[in-house]
file query09.txt (compact mmCIF, C-alpha atoms)
# COMPACT_ATOMS: atom_id res chain seq x y z
CA MET A 14 -9.18 -12.20 -22.42
CA LEU A 15 -7.66 -9.07 -20.99
CA PRO A 16 -4.67 -7.61 -22.84
CA PHE A 17 -2.80 -7.34 -19.53
CA PRO A 18 -2.37 -9.70 -16.58
CA LEU A 19 -4.54 -9.01 -13.54
CA PRO A 20 -2.53 -7.76 -10.55
CA SER A 21 -2.18 -10.16 -7.64
CA LEU A 22 -4.41 -9.72 -4.59
CA LEU A 23 -1.30 -8.95 -2.54
CA PHE A 24 -0.41 -6.06 -4.88
CA VAL A 25 -3.96 -4.70 -4.73
CA VAL A 26 -3.96 -4.88 -0.91
CA LYS A 27 -0.61 -3.07 -0.74
CA LEU A 28 -1.73 -0.40 -3.19
CA ILE A 29 -5.09 0.29 -1.52
CA GLY A 30 -3.45 0.15 1.92
CA LEU A 31 -0.81 2.65 0.82
CA ILE A 32 -3.44 4.99 -0.68
CA LEU A 33 -5.59 4.81 2.47
CA GLY A 34 -2.58 5.38 4.71
CA VAL A 35 -1.43 8.48 2.84
CA LEU A 36 -5.02 9.76 2.54
CA GLY A 37 -5.52 9.24 6.28
CA ILE A 38 -2.38 11.18 7.14
CA VAL A 39 -3.35 14.04 4.82
CA LEU A 40 -6.87 14.22 6.29
CA CYS A 41 -5.52 14.13 9.86
CA VAL A 42 -3.14 16.99 9.07
CA ARG A 43 -6.13 18.91 7.67
CA VAL A 44 -7.99 18.24 10.97
CA LEU A 45 -4.97 19.54 12.90
CA LEU A 46 -5.01 22.76 10.88
CA VAL A 47 -8.65 23.56 11.74
CA ARG A 48 -8.99 26.83 13.65
CA PRO A 49 -11.91 27.48 16.04
CA GLY A 50 -13.30 30.09 13.68
CA ASP A 51 -13.55 27.53 10.86
CA LEU A 52 -16.26 25.62 12.73
CA THR A 53 -18.65 28.55 12.68
CA SER A 54 -17.80 29.70 9.18
CA LEU A 55 -20.54 29.46 6.58
CA ARG A 56 -18.18 30.15 3.67
CA PRO A 57 -19.09 27.55 1.00
CA ILE A 58 -16.64 24.86 -0.08
CA ASN A 59 -17.06 23.59 -3.63
CA LEU A 60 -16.48 19.80 -3.79
CA GLY A 61 -17.21 19.45 -7.51
CA ILE A 62 -20.39 17.40 -7.14
CA THR A 63 -21.81 19.57 -4.36
CA THR A 64 -21.18 22.68 -2.29
CA LEU A 65 -21.05 22.58 1.50
CA PRO A 66 -20.68 25.25 4.17
CA ARG A 67 -17.17 25.15 5.70
CA ALA A 68 -18.21 23.80 9.14
CA PRO A 69 -20.06 20.65 7.93
CA TYR A 70 -17.28 20.07 5.40
CA LEU A 71 -14.62 20.04 8.12
CA LYS A 72 -16.76 17.74 10.27
CA LEU A 73 -17.01 15.32 7.36
CA VAL A 74 -13.22 15.49 6.94
CA ALA A 75 -12.80 14.67 10.65
CA PHE A 76 -15.26 11.76 10.38
CA ALA A 77 -13.38 10.39 7.37
CA ALA A 78 -9.94 10.89 8.98
CA LEU A 79 -10.78 9.34 12.34
CA ILE A 80 -13.41 6.69 11.54
CA VAL A 81 -13.84 5.76 7.85
CA VAL A 82 -10.26 5.74 6.53
CA PRO A 83 -8.85 4.01 9.67
CA ALA A 84 -11.45 1.25 9.23
CA GLY A 85 -10.32 0.69 5.64
CA ALA A 86 -6.61 0.85 6.50
CA VAL A 87 -7.05 -1.63 9.37
CA ALA A 88 -8.94 -4.01 7.05
CA MET A 89 -6.14 -3.88 4.46
CA ALA A 90 -3.43 -4.39 7.09
CA ASN A 91 -5.29 -7.31 8.63
CA TYR A 92 -5.06 -9.07 5.28
CA HIS A 93 -1.37 -9.56 6.09
CA VAL A 94 -2.20 -10.68 9.63
CA PHE A 95 -4.78 -13.30 8.75
CA VAL A 96 -4.31 -14.19 5.07
CA GLY A 97 -0.68 -13.33 4.41
CA VAL A 98 0.40 -15.72 7.16
CA GLU A 99 -1.02 -18.59 5.12
CA GLU A 100 1.85 -18.23 2.60
CA VAL A 101 5.13 -20.11 3.14
CA ARG A 102 6.98 -16.79 2.88
CA GLY A 103 4.72 -15.47 5.67
CA CYS A 104 5.88 -18.26 7.98
CA ALA A 105 9.49 -17.86 6.87
CA SER A 106 9.48 -14.14 7.64
CA CYS A 107 10.19 -15.09 11.28
CA HIS A 108 13.76 -16.37 11.41
CA VAL A 109 12.79 -18.91 14.04
CA MET A 110 10.94 -20.72 11.23
CA TRP A 111 13.92 -20.73 8.88
CA PRO A 112 14.95 -24.31 9.79
CA MET A 113 11.53 -25.60 8.69
CA ALA A 114 11.63 -23.60 5.44
CA ASN A 115 15.23 -24.59 4.63
CA ASP A 116 14.41 -28.22 5.29
CA MET A 117 11.43 -28.04 2.90
CA LEU A 118 13.67 -26.58 0.20
CA ASN A 119 16.34 -29.25 0.72
CA PRO A 120 15.98 -31.86 -2.09
CA GLN A 121 17.83 -34.44 0.03
CA SER A 122 15.58 -34.08 3.07
CA GLY A 123 13.31 -36.99 3.91
CA THR A 124 11.03 -35.17 6.33
CA LEU A 125 7.30 -35.21 5.67
CA ALA A 126 7.20 -31.46 5.09
CA ALA A 127 10.04 -31.61 2.54
CA ARG A 128 8.47 -34.53 0.66
CA HIS A 129 5.08 -32.83 0.50
CA PHE A 130 6.68 -29.58 -0.70
CA ARG A 131 9.15 -31.11 -3.19
CA ASN A 132 6.62 -33.42 -4.82
CA ARG A 133 3.91 -30.76 -4.91
CA TRP A 134 1.58 -33.06 -3.01
CA ILE A 135 0.28 -29.77 -1.68
CA ALA A 136 0.14 -27.20 -4.47
CA ASP A 137 0.44 -23.98 -2.45
CA ARG A 138 0.35 -22.57 1.08
CA GLN A 139 2.06 -25.77 2.22
CA CYS A 140 2.60 -24.71 5.86
CA TYR A 141 -1.00 -23.60 6.26
CA HIS A 142 -2.47 -26.81 4.84
CA CYS A 143 -0.90 -28.88 7.63
CA HIS A 144 -1.11 -26.25 10.37
CA SER A 145 -4.52 -24.68 9.84
CA ASP A 146 -5.93 -25.41 13.29
CA TYR A 147 -3.76 -22.98 15.22
CA GLY A 148 -1.88 -19.72 14.74
CA LEU A 149 -3.24 -16.49 13.25
CA SER A 150 -5.07 -18.31 10.46
CA GLY A 151 -6.97 -20.72 12.75
CA SER A 152 -9.99 -20.37 15.07
CA VAL A 153 -10.48 -17.47 17.52
CA ASP A 154 -8.59 -19.37 20.25
CA ALA A 155 -5.90 -20.19 17.71
CA LYS A 156 -5.64 -16.53 16.70
CA MET A 157 -5.14 -15.55 20.35
CA GLU A 158 -2.38 -18.13 20.48
CA GLY A 159 -0.96 -16.62 17.29
CA TYR A 160 -0.83 -13.19 18.97
CA ARG A 161 1.12 -14.81 21.82
CA HIS A 162 3.57 -16.27 19.27
CA LEU A 163 3.99 -12.82 17.72
CA ALA A 164 4.57 -11.13 21.07
CA ARG A 165 7.07 -13.81 22.15
CA TYR A 166 8.90 -13.58 18.82
CA VAL A 167 9.35 -9.79 18.70
CA THR A 168 10.35 -9.65 22.36
CA ARG A 169 12.76 -12.57 21.86
CA THR A 170 11.28 -14.35 24.87
CA TYR A 171 11.23 -17.86 23.45
CA PRO A 172 13.63 -20.76 23.92
CA GLU A 173 15.21 -22.59 20.99
CA PRO A 174 14.39 -25.10 19.68
CA ILE A 175 10.78 -24.00 19.50
CA ARG A 176 8.21 -26.67 20.28
CA LEU A 177 4.51 -26.98 19.53
CA ARG A 178 2.46 -26.14 22.61
CA GLY A 179 -0.21 -28.81 22.94
CA HIS A 180 -0.67 -31.63 20.46
CA TYR A 181 -0.61 -31.83 16.68
CA LEU A 182 -4.00 -33.21 15.66
CA ASN A 183 -4.06 -36.11 13.19
CA ARG A 184 -7.08 -34.62 11.46
CA ASN A 185 -4.66 -32.20 9.76
CA CYS A 186 -3.29 -35.25 7.91
CA LEU A 187 -6.54 -37.16 7.67
CA ASN A 188 -8.35 -34.22 6.07
CA CYS A 189 -6.48 -35.08 2.86
CA HIS A 190 -5.44 -38.70 3.28
CA ALA A 191 -8.50 -40.38 4.82
CA GLY A 192 -10.63 -42.01 2.17
CA MET A 193 -7.90 -41.95 -0.48
CA ALA A 194 -7.44 -45.34 -2.21
CA LYS A 195 -3.73 -45.42 -1.37
CA PHE A 196 -4.42 -44.70 2.29
CA GLU A 197 -7.27 -47.19 2.56
CA ALA A 198 -5.19 -49.93 0.88
CA VAL A 199 -2.78 -49.98 3.86
CA SER A 200 -4.21 -52.47 6.36
CA SER A 201 -2.42 -50.93 9.36
CA HIS A 202 -4.33 -47.69 8.81
CA HIS A 203 -7.51 -49.66 9.56
CA THR A 204 -5.90 -51.44 12.51
CA VAL A 205 -5.03 -48.13 14.20
CA GLY A 206 -7.82 -46.09 12.64
CA GLU A 207 -9.65 -45.53 15.94
CA ARG A 208 -6.44 -44.53 17.73
CA LEU A 209 -5.53 -42.16 14.89
CA SER A 210 -8.91 -40.48 14.83
CA THR A 211 -8.82 -39.94 18.62
CA ASN A 212 -5.16 -38.80 18.58
CA GLN A 213 -4.07 -41.64 20.88
CA MET A 214 -1.22 -42.16 18.44
CA THR A 215 0.29 -39.87 15.87
CA CYS A 216 0.93 -40.39 12.16
CA LEU A 217 4.58 -39.55 12.87
CA ASN A 218 4.93 -42.81 14.85
CA CYS A 219 5.21 -44.63 11.52
CA HIS A 220 5.98 -41.89 9.01
CA GLY A 221 8.96 -40.19 10.63
CA LEU A 222 9.75 -36.58 11.36
CA ALA A 223 7.69 -33.76 9.90
CA HIS A 224 10.49 -31.20 10.31
CA PRO A 225 14.15 -31.17 11.40
CA SER A 226 14.50 -32.69 14.87
CA PRO A 227 14.63 -30.44 17.95
CA ALA A 228 18.24 -31.58 18.42
CA ALA A 229 19.17 -30.28 14.95
CA ARG A 230 17.39 -26.98 15.66
CA THR A 231 19.22 -26.44 18.95
CA PRO A 232 21.84 -23.68 18.86
CA GLY A 233 25.31 -25.21 18.77
CA SER A 234 24.29 -28.36 16.92
CA PRO A 235 26.23 -29.20 13.73
CA GLU A 236 23.13 -28.61 11.58
CA TYR A 237 22.05 -25.38 13.26
CA ALA A 238 24.10 -22.90 11.21
CA GLY A 239 22.97 -24.46 7.92
CA LEU A 240 19.32 -24.48 8.96
CA MET A 241 19.42 -20.85 10.11
CA THR A 242 20.41 -19.32 6.76
CA ARG A 243 17.77 -17.17 5.06
CA PRO A 244 15.62 -19.53 2.96
CA ARG A 245 15.61 -18.84 -0.79
CA LEU A 246 11.90 -18.79 -1.44
CA GLY A 247 10.84 -17.75 -4.94
CA GLU A 248 7.44 -16.54 -5.93
CA PRO A 249 4.55 -17.95 -3.86
CA ARG A 250 3.89 -21.56 -4.86
CA MET B 29 -14.60 20.51 18.72
CA ASN B 30 -10.87 20.15 19.44
CA LEU B 31 -9.57 17.01 17.75
CA THR B 32 -5.83 17.63 18.08
CA VAL B 33 -5.10 14.59 20.28
CA PRO B 34 -7.18 12.12 18.19
CA ALA B 35 -5.65 13.45 14.97
CA LEU B 36 -2.08 13.11 16.29
CA GLY B 37 -2.85 9.59 17.52
CA ALA B 38 -4.36 8.68 14.15
CA ILE B 39 -1.28 10.00 12.30
CA ILE B 40 1.00 7.75 14.40
CA ALA B 41 -1.31 4.77 13.78
CA PHE B 42 -1.52 5.53 10.04
CA VAL B 43 2.28 5.66 9.72
CA ILE B 44 2.68 2.26 11.43
CA THR B 45 -0.20 0.74 9.43
CA THR B 46 1.10 2.03 6.10
CA LEU B 47 4.61 0.76 6.78
CA PHE B 48 3.19 -2.64 7.73
CA VAL B 49 1.00 -2.83 4.62
CA VAL B 50 4.02 -2.14 2.39
CA TYR B 51 6.60 -4.15 4.38
CA PRO B 52 4.76 -6.94 6.22
CA VAL B 53 7.60 -8.01 8.54
CA PRO B 54 7.09 -9.43 12.07
CA VAL B 55 8.19 -6.31 13.99
CA LEU B 56 5.77 -4.09 12.03
CA MET B 57 3.05 -6.73 12.41
CA ALA B 58 3.54 -6.56 16.19
CA LEU B 59 3.53 -2.74 16.14
CA PHE B 60 0.35 -2.74 14.04
CA THR B 61 -1.36 -5.37 16.19
CA PHE B 62 -0.39 -4.12 19.63
CA VAL B 63 0.01 -0.34 19.02
CA ALA B 64 -1.66 0.96 15.85
CA GLN B 65 -4.89 -1.01 16.05
CA PRO B 66 -5.62 -0.14 19.73
CA LEU B 67 -4.60 3.45 18.94
CA PHE B 68 -7.18 3.62 16.13
CA LEU B 69 -9.79 2.28 18.56
CA ILE B 70 -8.88 4.92 21.17
CA VAL B 71 -8.94 7.63 18.47
CA GLY B 72 -12.40 6.50 17.32
CA LEU B 73 -13.74 6.50 20.89
CA LEU B 74 -12.25 9.94 21.60
CA TYR B 75 -13.84 11.28 18.42
CA LEU B 76 -17.24 9.79 19.26
CA SER B 77 -17.07 11.14 22.82
CA ARG B 78 -16.39 14.64 21.41
CA VAL B 79 -19.30 14.27 18.98
CA PHE B 80 -21.71 13.19 21.72
CA THR B 81 -20.49 15.97 24.02
CA GLU B 82 -21.14 18.54 21.29
CA LEU B 83 -24.56 17.08 20.46
CA ARG B 84 -25.54 17.14 24.15
CA ALA B 85 -24.33 20.72 24.45
CA LYS B 86 -26.64 21.63 21.56
CA ASP B 87 -29.52 19.67 23.17
CA VAL B 88 -29.72 17.35 20.14
CA LEU B 89 -29.32 14.28 22.38
call {"tool": "encode", "arguments": {"input": "query09.txt", "output": "structure tokens"}}
result
Amino acid sequence: MLPFPLPSLLFVVKLIGLILGVLGIVLCVRVLLVRPGDLTSLRPINLGITTLPRAPYLKLVAFAALIVVPAGAVAMANYHVFVGVEEVRGCASCHVMWPMANDMLNPQSGTLAARHFRNRWIADRQCYHCHSDYGLSGSVDAKMEGYRHLARYVTRTYPEPIRLRGHYLNRNCLNCHAGMAKFEAVSSHHTVGERLSTNQMTCLNCHGLAHPSPAARTPGSPEYAGLMTRPRLGEPR
Amino acid sequence: MNLTVPALGAIIAFVITTLFVVYPVPVLMALFTFVAQPLFLIVGLLYLSRVFTELRAKDVL
């Protein structure tokens, strides 16, 4: 047992990303300050573990500033793009998703998302578990679609209420539910099993809304103002 | 080897990337994705082109 708690991965990513960012800026400034005469200078530079002539030293600095450190910084930042978006708070960072997050946090809500969240049927990353086949955390095609979402969001070129482009695949539900004793005990699941597996019908036909209805999420509706308040999400669940 | 333009581009990209790493909000995510990342790529290609030019000038390649 360690005498101190291990830092979270998010903290480590932020710390390393910050260090790489500052280091990159410092190295780039050093590259900017290079004078033509420096590149022919043979004056030795003592690096502690070795000594290098000035010209090769400056070329190594340029290589680090323009290739190595950017690669590390981009890797750290992409953690937020591809892994951070799996967290509920990642989804809720776009205010267009606030209605879904507020509905999940509402103890009176009967939507599928709220019931799964409230009852901890999904322990963490609740949005991602049901929406893993598209967006920035999905396949390559899904990631491209996620970039489109991002571009549309920051340029405010989307209509409200937002709607899923394409179809929600039942396999997102069946990944967890299929084969479970409770699921298999329901005879109608067997009756429509073929239609469910081929997406000819959706689980929502019998199990109700997954999120607040499009009508409730339309600006001007009675529920809209309440759904569009900043969700009070605590620590990642 | 004059690397002023690549270094200035890299500084802009580093500032955006660092802000995004610390504050991962949608606007900074878009700036990182659509500005900083392509800028890093352009900087890397500019740097490599300068390296190859210098190596060819010295008859190494």
call {"tool": "closest_atom_pairs", "arguments": {"input": "query09.txt", "of": "chain B", "to": "chain A", "cutoff": "9 Å", "atoms": "only C-alpha atoms", "output": "tab-separated table"}}
result
residue	atom	partner	partner_atom	distance
B:Met29	CA	A:Pro49	CA	7.9
B:Asn30	CA	A:Pro49	CA	8.1
B:Leu31	CA	A:Val44	CA	7.1
B:Thr32	CA	A:Leu45	CA	5.6
B:Val33	CA	A:Leu45	CA	8.9
B:Pro34	CA	A:Leu79	CA	7.4
B:Ala35	CA	A:Cys41	CA	5.2
B:Leu36	CA	A:Cys41	CA	7.4
B:Ala38	CA	A:Leu79	CA	6.7
B:Ile39	CA	A:Ile38	CA	5.4
B:Ile40	CA	A:Ile38	CA	8.7
B:Ala41	CA	A:Pro83	CA	8.6
B:Phe42	CA	A:Gly34	CA	5.4
B:Val43	CA	A:Gly34	CA	7.0
B:Thr45	CA	A:Ala90	CA	6.5
B:Thr46	CA	A:Gly34	CA	5.2
B:Leu47	CA	A:Leu31	CA	8.3
B:Phe48	CA	A:Ala90	CA	6.9
B:Val49	CA	A:Ala90	CA	5.3
B:Val50	CA	A:Lys27	CA	5.7
B:Tyr51	CA	A:Lys27	CA	8.9
B:Pro52	CA	A:His93	CA	6.7
B:Val53	CA	A:Ser106	CA	6.5
B:Pro54	CA	A:Cys107	CA	6.5
B:Val55	CA	A:Val167	CA	6.0
B:Met57	CA	A:Val94	CA	7.1
B:Ala58	CA	A:Leu163	CA	6.5
B:Phe60	CA	A:Ala90	CA	8.1
B:Thr61	CA	A:Tyr160	CA	8.3
B:Phe62	CA	A:Ala164	CA	8.7
B:Ala64	CA	A:Val87	CA	8.8
B:Gln65	CA	A:Val87	CA	7.0
B:Phe68	CA	A:Pro83	CA	6.7
B:Val71	CA	A:Leu79	CA	6.6
B:Gly72	CA	A:Ile80	CA	5.9
B:Tyr75	CA	A:Leu79	CA	7.1
call {"tool": "axis_aligned_box", "arguments": {"input": "query09.txt", "around": "region 44-52 of chain B", "padding_each_side": "8 Å", "output": "lines of an AutoDock Vina configuration file"}}
result
center_x = 3.2
center_y = -2.3
center_z = 6.9
size_x = 22.8
size_y = 25.2
size_z = 25.0
call {"tool": "residues_around", "arguments": {"input": "query09.txt", "residues": "Val101 (chain A)", "least_positions_apart": "4", "cutoff": "7 Å", "atoms": "only C-alpha atoms", "output": "ChimeraX atom specification"}}
result
/A:105,138-140
call {"tool": "atom_distance", "arguments": {"input": "query09.txt", "atom1": "CA of Lys86 (chain B)", "atom2": "CA of Ala68 (chain A)"}}
result
15.2 Å
call {"tool": "residues_around", "arguments": {"input": "query09.txt", "residues": "Leu187 (chain A)", "least_positions_apart": "2", "cutoff": "12 Å", "atoms": "all atoms listed in the file", "output": "NGL selection string"}}
result
:A and (142-143 or 182-185 or 189-193 or 196-197 or 202 or 206 or 209-212 or 215-216)
call {"tool": "atom_distance", "arguments": {"input": "query09.txt", "atom1": "CA of Pro69 (chain A)", "atom2": "CA of Ala85 (chain B)"}}
result
17.1 Å
call {"tool": "residues_around", "arguments": {"input": "query09.txt", "residues": "Asp146 (chain A)", "least_positions_apart": "6", "cutoff": "12 Å", "atoms": "all atoms listed in the file", "output": "number ranges by chain"}}
result
A: 99, 140, 152-156, 158-159, 179-186, 188
call {"tool": "atom_distance", "arguments": {"input": "query09.txt", "atom1": "CA of Arg161 (chain A)", "atom2": "CA of Leu246 (chain A)"}}
result
25.9 Å
call {"tool": "decode", "arguments": {"input": "query09.txt", "residues": "chain B", "atoms": "C-alpha atoms", "output": "compact mmCIF listing (two decimals), in the first residue's frame"}}
result
# COMPACT_ATOMS: atom_id res chain seq x y z
CA MET B 29 18.81 26.75 -41.50
CA ASN B 30 16.20 29.48 -40.87
CA LEU B 31 13.40 28.04 -38.74
CA THR B 32 11.66 31.29 -37.77
CA VAL B 33 8.34 30.49 -39.48
CA PRO B 34 8.10 26.88 -38.17
CA ALA B 35 9.03 28.03 -34.65
CA LEU B 36 6.40 30.80 -34.64
CA GLY B 37 3.79 28.34 -35.95
CA ALA B 38 4.76 25.81 -33.29
CA ILE B 39 4.46 28.44 -30.53
CA ILE B 40 0.88 29.26 -31.63
CA ALA B 41 0.04 25.53 -31.76
CA PHE B 42 1.65 24.91 -28.35
CA VAL B 43 -0.36 27.72 -26.74
CA ILE B 44 -3.66 26.33 -28.09
CA THR B 45 -2.71 22.75 -27.17
CA THR B 46 -1.65 23.68 -23.63
CA LEU B 47 -4.83 25.66 -23.01
CA PHE B 48 -6.89 22.73 -24.29
CA VAL B 49 -5.04 20.20 -22.12
CA VAL B 50 -5.70 22.30 -19.01
CA TYR B 51 -9.24 23.46 -19.92
CA PRO B 52 -10.80 20.83 -22.19
CA VAL B 53 -13.83 22.85 -23.34
CA PRO B 54 -15.49 22.48 -26.78
CA VAL B 55 -14.14 25.72 -28.30
CA LEU B 56 -10.55 24.82 -27.38
CA MET B 57 -11.13 21.26 -28.59
CA ALA B 58 -12.19 22.67 -31.96
CA LEU B 59 -9.19 25.03 -32.05
CA PHE B 60 -6.85 22.15 -31.18
CA THR B 61 -8.44 19.79 -33.70
CA PHE B 62 -8.84 22.16 -36.63
CA VAL B 63 -5.98 24.66 -36.05
CA ALA B 64 -3.24 23.42 -33.69
CA GLN B 65 -2.97 19.86 -34.94
CA PRO B 66 -2.75 20.79 -38.66
CA LEU B 67 -0.33 23.58 -37.69
CA PHE B 68 1.95 21.07 -35.96
CA LEU B 69 1.83 18.92 -39.09
CA ILE B 70 2.74 21.88 -41.31
CA VAL B 71 5.54 22.85 -38.90
CA GLY B 72 6.92 19.30 -38.98
CA LEU B 73 6.84 19.20 -42.79
CA LEU B 74 8.50 22.63 -43.05
CA TYR B 75 11.22 21.49 -40.66
CA LEU B 76 11.81 18.25 -42.58
CA SER B 77 11.92 20.12 -45.90
CA ARG B 78 14.60 22.45 -44.46
CA VAL B 79 16.57 19.45 -43.18
CA PHE B 80 16.46 17.68 -46.55
CA THR B 81 17.37 20.90 -48.37
CA GLU B 82 20.42 21.33 -46.11
CA LEU B 83 21.44 17.69 -46.48
CA ARG B 84 21.17 17.93 -50.28
CA ALA B 85 23.20 21.12 -50.26
CA LYS B 86 25.93 19.26 -48.38
CA ASP B 87 25.68 16.31 -50.82
CA VAL B 88 24.70 13.95 -47.98
CA LEU B 89 21.53 12.90 -49.84
